[in-house]
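K.L.:
Attaching a single structure in structure tokens format; questions to follow.
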Amino acid sequence: MPPALSDEDRSFLRQAIVISRESLNAGGTPFGAIVVINGRIVGEGASSVVKLIDPTAHAEVMALRNAGKELGRHLMEDGVMYSSSEPCPMCLVACYWARIPRVVFGATSQSVATAGFEDLQLYRELAVPADQRFLREEPADGALAREATEVLRAWTAALPSPVVPKL
């Protein structure tokens, strides 16, 4: 059983839920999120996919973008993401990229799926071997693969310290 949420967690989660309701009332989809660092909201976001015509403009991504602007940094190892619903795979990975150590959410992916959103299907799809997924991935070979790899090598060569491979 997960640990009980603190009063502070409940308060911040309610704020994310309020944002989701405001998004719904404004004609958007019902998702809201906030990033909190040291008890202060540093970024908030509502689902803006339709409004911005941007499939990546989910509430959590918007909250991370706004937090990054506010903080002047992209890593948030000291943050907590509060989301009205369990993050979709993209948003969860965005939290990993930002190094957010904790995500607190309201509705589960099961509830989101019941409301007609595809999050649960996407989680399942990502668990399937790449060659069996709906989205075909076609890696380059030969000269193009070498060219692309050379750009990565040039980047690592310019770094001040050696890269630790993440294999």
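Chains: A, B, ... in order of the structure tokens. Residues: from 1 per chain. Ligands: from 1, in order shown.
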At most 8 Å is the cut-off: for each residue in stretch 73-156 of chain A with any atom that close to an atom of stretch 28-42 of chain A, write down the nearest atom pair and the distance in Å rounded to one decimal, counting only C-alpha atoms, chain first then increasing number, as a tab-separated table.
P.N.:
residue	atom	partner	partner_atom	distance
A:Asp78	CA	A:Ile37	CA	6.0
A:Gly79	CA	A:Ile37	CA	4.6
A:Val80	CA	A:Val36	CA	5.2
A:Met81	CA	A:Val35	CA	4.7
A:Tyr82	CA	A:Ile34	CA	5.3
A:Ser83	CA	A:Ala33	CA	4.2
A:Ser84	CA	A:Gly32	CA	5.4
A:Ser85	CA	A:Phe31	CA	6.8
K.L.:
Would you list, as an NGL selection string, the residues of chain A that end up in helix (DSSP H, G or I) under DSSP run on this structure's backbone?
P.N.:
:A and (7-25 or 49-52 or 59-71 or 89-97 or 109-114 or 119-127 or 130-132 or 142-158)
K.L.:
Could you give me, as a tab-separated table, a per-residue list for stretch 87-145 of chain A showing, wherever an atom lies at most 8 Å from an atom of stretch 2-20 of chain A, the closest pair of atoms and their distance in Å to one decimal, using only C-alpha atoms and sorting by chain then residue number from low to high?
P.N.:
residue	atom	partner	partner_atom	distance
A:Val104	CA	A:Leu13	CA	7.2
A:Phe105	CA	A:Leu13	CA	6.8
A:Gly106	CA	A:Leu13	CA	7.1
K.L.:
Only all heavy atoms, please: the residues just picked out, written as an mmCIF file, in the first residue's frame.
P.N.:
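out.cif written:
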data_model
loop_
_atom_site.group_PDB
_atom_site.id
_atom_site.type_symbol
_atom_site.label_atom_id
_atom_site.label_comp_id
_atom_site.auth_asym_id
_atom_site.auth_seq_id
_atom_site.Cartn_x
_atom_site.Cartn_y
_atom_site.Cartn_z
ATOM 1 N N VAL A 104 3.099 12.862 -7.670
ATOM 2 C CA VAL A 104 1.881 12.616 -6.898
ATOM 3 C C VAL A 104 0.709 12.898 -7.823
ATOM 4 O O VAL A 104 0.673 13.941 -8.474
ATOM 5 C CB VAL A 104 1.816 13.546 -5.656
ATOM 6 C CG1 VAL A 104 0.514 13.324 -4.885
ATOM 7 C CG2 VAL A 104 3.030 13.333 -4.755
ATOM 8 N N PHE A 105 -0.230 11.954 -7.926
ATOM 9 C CA PHE A 105 -1.330 12.144 -8.870
ATOM 10 C C PHE A 105 -2.665 11.733 -8.265
ATOM 11 O O PHE A 105 -2.727 11.014 -7.288
ATOM 12 C CB PHE A 105 -1.070 11.382 -10.170
ATOM 13 C CG PHE A 105 -0.896 9.895 -10.014
ATOM 14 C CD1 PHE A 105 -1.994 9.048 -10.011
ATOM 15 C CD2 PHE A 105 0.369 9.346 -9.887
ATOM 16 C CE1 PHE A 105 -1.838 7.680 -9.871
ATOM 17 C CE2 PHE A 105 0.538 7.980 -9.755
ATOM 18 C CZ PHE A 105 -0.565 7.145 -9.751
ATOM 19 N N GLY A 106 -3.724 12.246 -8.912
ATOM 20 C CA GLY A 106 -5.087 11.956 -8.483
ATOM 21 C C GLY A 106 -5.646 10.721 -9.171
ATOM 22 O O GLY A 106 -5.518 9.604 -8.688
#
K.L.:
Please list as a ChimeraX atom specification every residue within 12 Å of A:Arg65, counting only C-alpha atoms and excluding residues in the same chain fewer than 6 positions away.
P.N.:
/A:33-35,42-46,56-59,71-76,91,94-95,98
K.L.:
Could those residues be written to a file, using N, CA, C and O atoms, as a PDB file, in the first residue's frame?
P.N.:
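Done, and the output landed in part.pdb:
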ATOM      1  N   ALA A  33      -1.377  20.237 -13.867  1.00  0.00           N
ATOM      2  CA  ALA A  33      -0.186  19.801 -13.145  1.00  0.00           C
ATOM      3  C   ALA A  33       0.571  21.004 -12.610  1.00  0.00           C
ATOM      4  O   ALA A  33       0.488  22.103 -13.158  1.00  0.00           O
ATOM      5  N   ILE A  34       1.312  20.764 -11.532  1.00  0.00           N
ATOM      6  CA  ILE A  34       2.197  21.794 -10.992  1.00  0.00           C
ATOM      7  C   ILE A  34       3.509  21.145 -10.566  1.00  0.00           C
ATOM      8  O   ILE A  34       3.555  19.963 -10.208  1.00  0.00           O
ATOM      9  N   VAL A  35       4.576  21.919 -10.627  1.00  0.00           N
ATOM     10  CA  VAL A  35       5.872  21.507 -10.103  1.00  0.00           C
ATOM     11  C   VAL A  35       6.128  22.353  -8.864  1.00  0.00           C
ATOM     12  O   VAL A  35       5.986  23.580  -8.899  1.00  0.00           O
ATOM     13  N   VAL A  42       6.608  26.373  -8.747  1.00  0.00           N
ATOM     14  CA  VAL A  42       7.533  27.020  -9.680  1.00  0.00           C
ATOM     15  C   VAL A  42       7.079  26.880 -11.128  1.00  0.00           C
ATOM     16  O   VAL A  42       7.641  27.506 -12.021  1.00  0.00           O
ATOM     17  N   GLY A  43       6.074  26.044 -11.353  1.00  0.00           N
ATOM     18  CA  GLY A  43       5.535  25.888 -12.699  1.00  0.00           C
ATOM     19  C   GLY A  43       4.187  25.214 -12.641  1.00  0.00           C
ATOM     20  O   GLY A  43       3.973  24.315 -11.838  1.00  0.00           O
ATOM     21  N   GLU A  44       3.281  25.683 -13.465  1.00  0.00           N
ATOM     22  CA  GLU A  44       1.988  25.009 -13.560  1.00  0.00           C
ATOM     23  C   GLU A  44       1.631  24.871 -15.028  1.00  0.00           C
ATOM     24  O   GLU A  44       2.150  25.593 -15.886  1.00  0.00           O
ATOM     25  N   GLY A  45       0.767  23.903 -15.283  1.00  0.00           N
ATOM     26  CA  GLY A  45       0.361  23.693 -16.664  1.00  0.00           C
ATOM     27  C   GLY A  45      -0.984  23.021 -16.754  1.00  0.00           C
ATOM     28  O   GLY A  45      -1.368  22.237 -15.890  1.00  0.00           O
ATOM     29  N   ALA A  46      -1.692  23.379 -17.801  1.00  0.00           N
ATOM     30  CA  ALA A  46      -2.948  22.719 -18.156  1.00  0.00           C
ATOM     31  C   ALA A  46      -2.726  22.066 -19.505  1.00  0.00           C
ATOM     32  O   ALA A  46      -1.870  22.504 -20.282  1.00  0.00           O
ATOM     33  N   THR A  56       2.482  17.408 -27.796  1.00  0.00           N
ATOM     34  CA  THR A  56       3.315  17.283 -26.595  1.00  0.00           C
ATOM     35  C   THR A  56       2.918  18.262 -25.491  1.00  0.00           C
ATOM     36  O   THR A  56       3.525  18.257 -24.423  1.00  0.00           O
ATOM     37  N   ALA A  57       1.925  19.093 -25.713  1.00  0.00           N
ATOM     38  CA  ALA A  57       1.565  20.133 -24.745  1.00  0.00           C
ATOM     39  C   ALA A  57       0.639  19.607 -23.646  1.00  0.00           C
ATOM     40  O   ALA A  57      -0.372  20.209 -23.314  1.00  0.00           O
ATOM     41  N   HIS A  58       1.014  18.482 -23.059  1.00  0.00           N
ATOM     42  CA  HIS A  58       0.272  17.913 -21.935  1.00  0.00           C
ATOM     43  C   HIS A  58       0.529  18.765 -20.696  1.00  0.00           C
ATOM     44  O   HIS A  58       1.512  19.510 -20.620  1.00  0.00           O
ATOM     45  N   ALA A  59      -0.323  18.626 -19.707  1.00  0.00           N
ATOM     46  CA  ALA A  59      -0.243  19.454 -18.500  1.00  0.00           C
ATOM     47  C   ALA A  59       1.125  19.336 -17.820  1.00  0.00           C
ATOM     48  O   ALA A  59       1.725  20.343 -17.435  1.00  0.00           O
ATOM     49  N   LEU A  71      12.936  28.806 -13.200  1.00  0.00           N
ATOM     50  CA  LEU A  71      14.157  28.471 -12.465  1.00  0.00           C
ATOM     51  C   LEU A  71      15.433  28.726 -13.260  1.00  0.00           C
ATOM     52  O   LEU A  71      16.515  28.777 -12.680  1.00  0.00           O
ATOM     53  N   GLY A  72      15.307  28.804 -14.578  1.00  0.00           N
ATOM     54  CA  GLY A  72      16.493  28.955 -15.410  1.00  0.00           C
ATOM     55  C   GLY A  72      17.324  27.688 -15.479  1.00  0.00           C
ATOM     56  O   GLY A  72      18.538  27.722 -15.643  1.00  0.00           O
ATOM     57  N   ARG A  73      16.656  26.554 -15.368  1.00  0.00           N
ATOM     58  CA  ARG A  73      17.355  25.256 -15.445  1.00  0.00           C
ATOM     59  C   ARG A  73      16.382  24.176 -15.903  1.00  0.00           C
ATOM     60  O   ARG A  73      15.169  24.340 -15.770  1.00  0.00           O
ATOM     61  N   HIS A  74      16.924  23.095 -16.406  1.00  0.00           N
ATOM     62  CA  HIS A  74      16.067  22.015 -16.901  1.00  0.00           C
ATOM     63  C   HIS A  74      16.031  20.807 -15.970  1.00  0.00           C
ATOM     64  O   HIS A  74      15.184  19.936 -16.131  1.00  0.00           O
ATOM     65  N   LEU A  75      16.917  20.727 -15.018  1.00  0.00           N
ATOM     66  CA  LEU A  75      16.920  19.625 -14.061  1.00  0.00           C
ATOM     67  C   LEU A  75      16.285  20.078 -12.758  1.00  0.00           C
ATOM     68  O   LEU A  75      16.583  21.166 -12.260  1.00  0.00           O
ATOM     69  N   MET A  76      15.414  19.225 -12.225  1.00  0.00           N
ATOM     70  CA  MET A  76      14.649  19.584 -11.028  1.00  0.00           C
ATOM     71  C   MET A  76      14.686  18.454 -10.011  1.00  0.00           C
ATOM     72  O   MET A  76      13.654  17.945  -9.577  1.00  0.00           O
ATOM     73  N   CYS A  91       4.743  11.984 -20.451  1.00  0.00           N
ATOM     74  CA  CYS A  91       4.891  12.895 -19.314  1.00  0.00           C
ATOM     75  C   CYS A  91       5.720  12.261 -18.204  1.00  0.00           C
ATOM     76  O   CYS A  91       6.520  12.944 -17.555  1.00  0.00           O
ATOM     77  N   ALA A  94       9.184  12.569 -19.318  1.00  0.00           N
ATOM     78  CA  ALA A  94       9.612  13.971 -19.171  1.00  0.00           C
ATOM     79  C   ALA A  94      10.026  14.236 -17.721  1.00  0.00           C
ATOM     80  O   ALA A  94      11.014  14.944 -17.477  1.00  0.00           O
ATOM     81  N   CYS A  95       9.305  13.659 -16.767  1.00  0.00           N
ATOM     82  CA  CYS A  95       9.686  13.810 -15.355  1.00  0.00           C
ATOM     83  C   CYS A  95      11.043  13.148 -15.098  1.00  0.00           C
ATOM     84  O   CYS A  95      11.880  13.693 -14.380  1.00  0.00           O
ATOM     85  N   ALA A  98      13.724  15.399 -16.451  1.00  0.00           N
ATOM     86  CA  ALA A  98      13.925  16.549 -15.564  1.00  0.00           C
ATOM     87  C   ALA A  98      14.483  16.116 -14.206  1.00  0.00           C
ATOM     88  O   ALA A  98      14.785  16.958 -13.368  1.00  0.00           O
TER      89      ALA A  98
END
K.L.:
Applying 12 Å and only C-alpha atoms, which residues near A:Arg133 remain after dropping the ones on its own chain fewer than 4 positions away? List them as JSON, numbers by chain.
P.N.:
{"A": [121, 122, 123, 124, 125, 126, 127, 128, 129, 137, 138]}
K.L.:
Identify all residues of stretch 21-126 of chain A in strand (DSSP E or B) (DSSP on the backbone) and supply them as a PyMOL selection string.
P.N.:
chain A and resi 32-37+40-46+79-85+102-107
K.L.:
Neighbouring residues of A:Asp119 were defined as those with any atom within 10 Å, considering only C-alpha atoms; residues of the same chain fewer than 4 positions away were excluded. Please report them as a list in words.
P.N.:
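These residues fall inside the cut-off: Glu86, Pro87, Cys88, Pro89, Met90, Ser109, Gln110, Val112, Ala113, Tyr123, Arg124 and Glu125 of chain A.
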K.L.:
Mind pulling up the distance from atom CA of A:Leu120 to atom CA of A:Met62?
P.N.:
20.9 Å
K.L.:
Quick check, in Å to one decimal: how far apart do atom CA of A:Tyr96 and atom CA of A:Ala130 lie?
P.N.:
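Between atom CA of A:Tyr96 and atom CA of A:Ala130 the gap is 21.1 Å.
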K.L.:
Report the distance between atom CA of A:Val49 and atom CA of A:Val93 in Å, rounded to one decimal place.
P.N.:
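Answer for the atom CA of A:Val49 to atom CA of A:Val93 separation: 17.6 Å.
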K.L.:
Could you list, as a list in words, every residue within 9 Å of A:Glu77, counting only C-alpha atoms and ignoring same-chain residues fewer than 6 positions away?
P.N.:
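Final neighbour list, sorted by chain and number: Ala98, Arg99, Ile100 and Pro101 of chain A.
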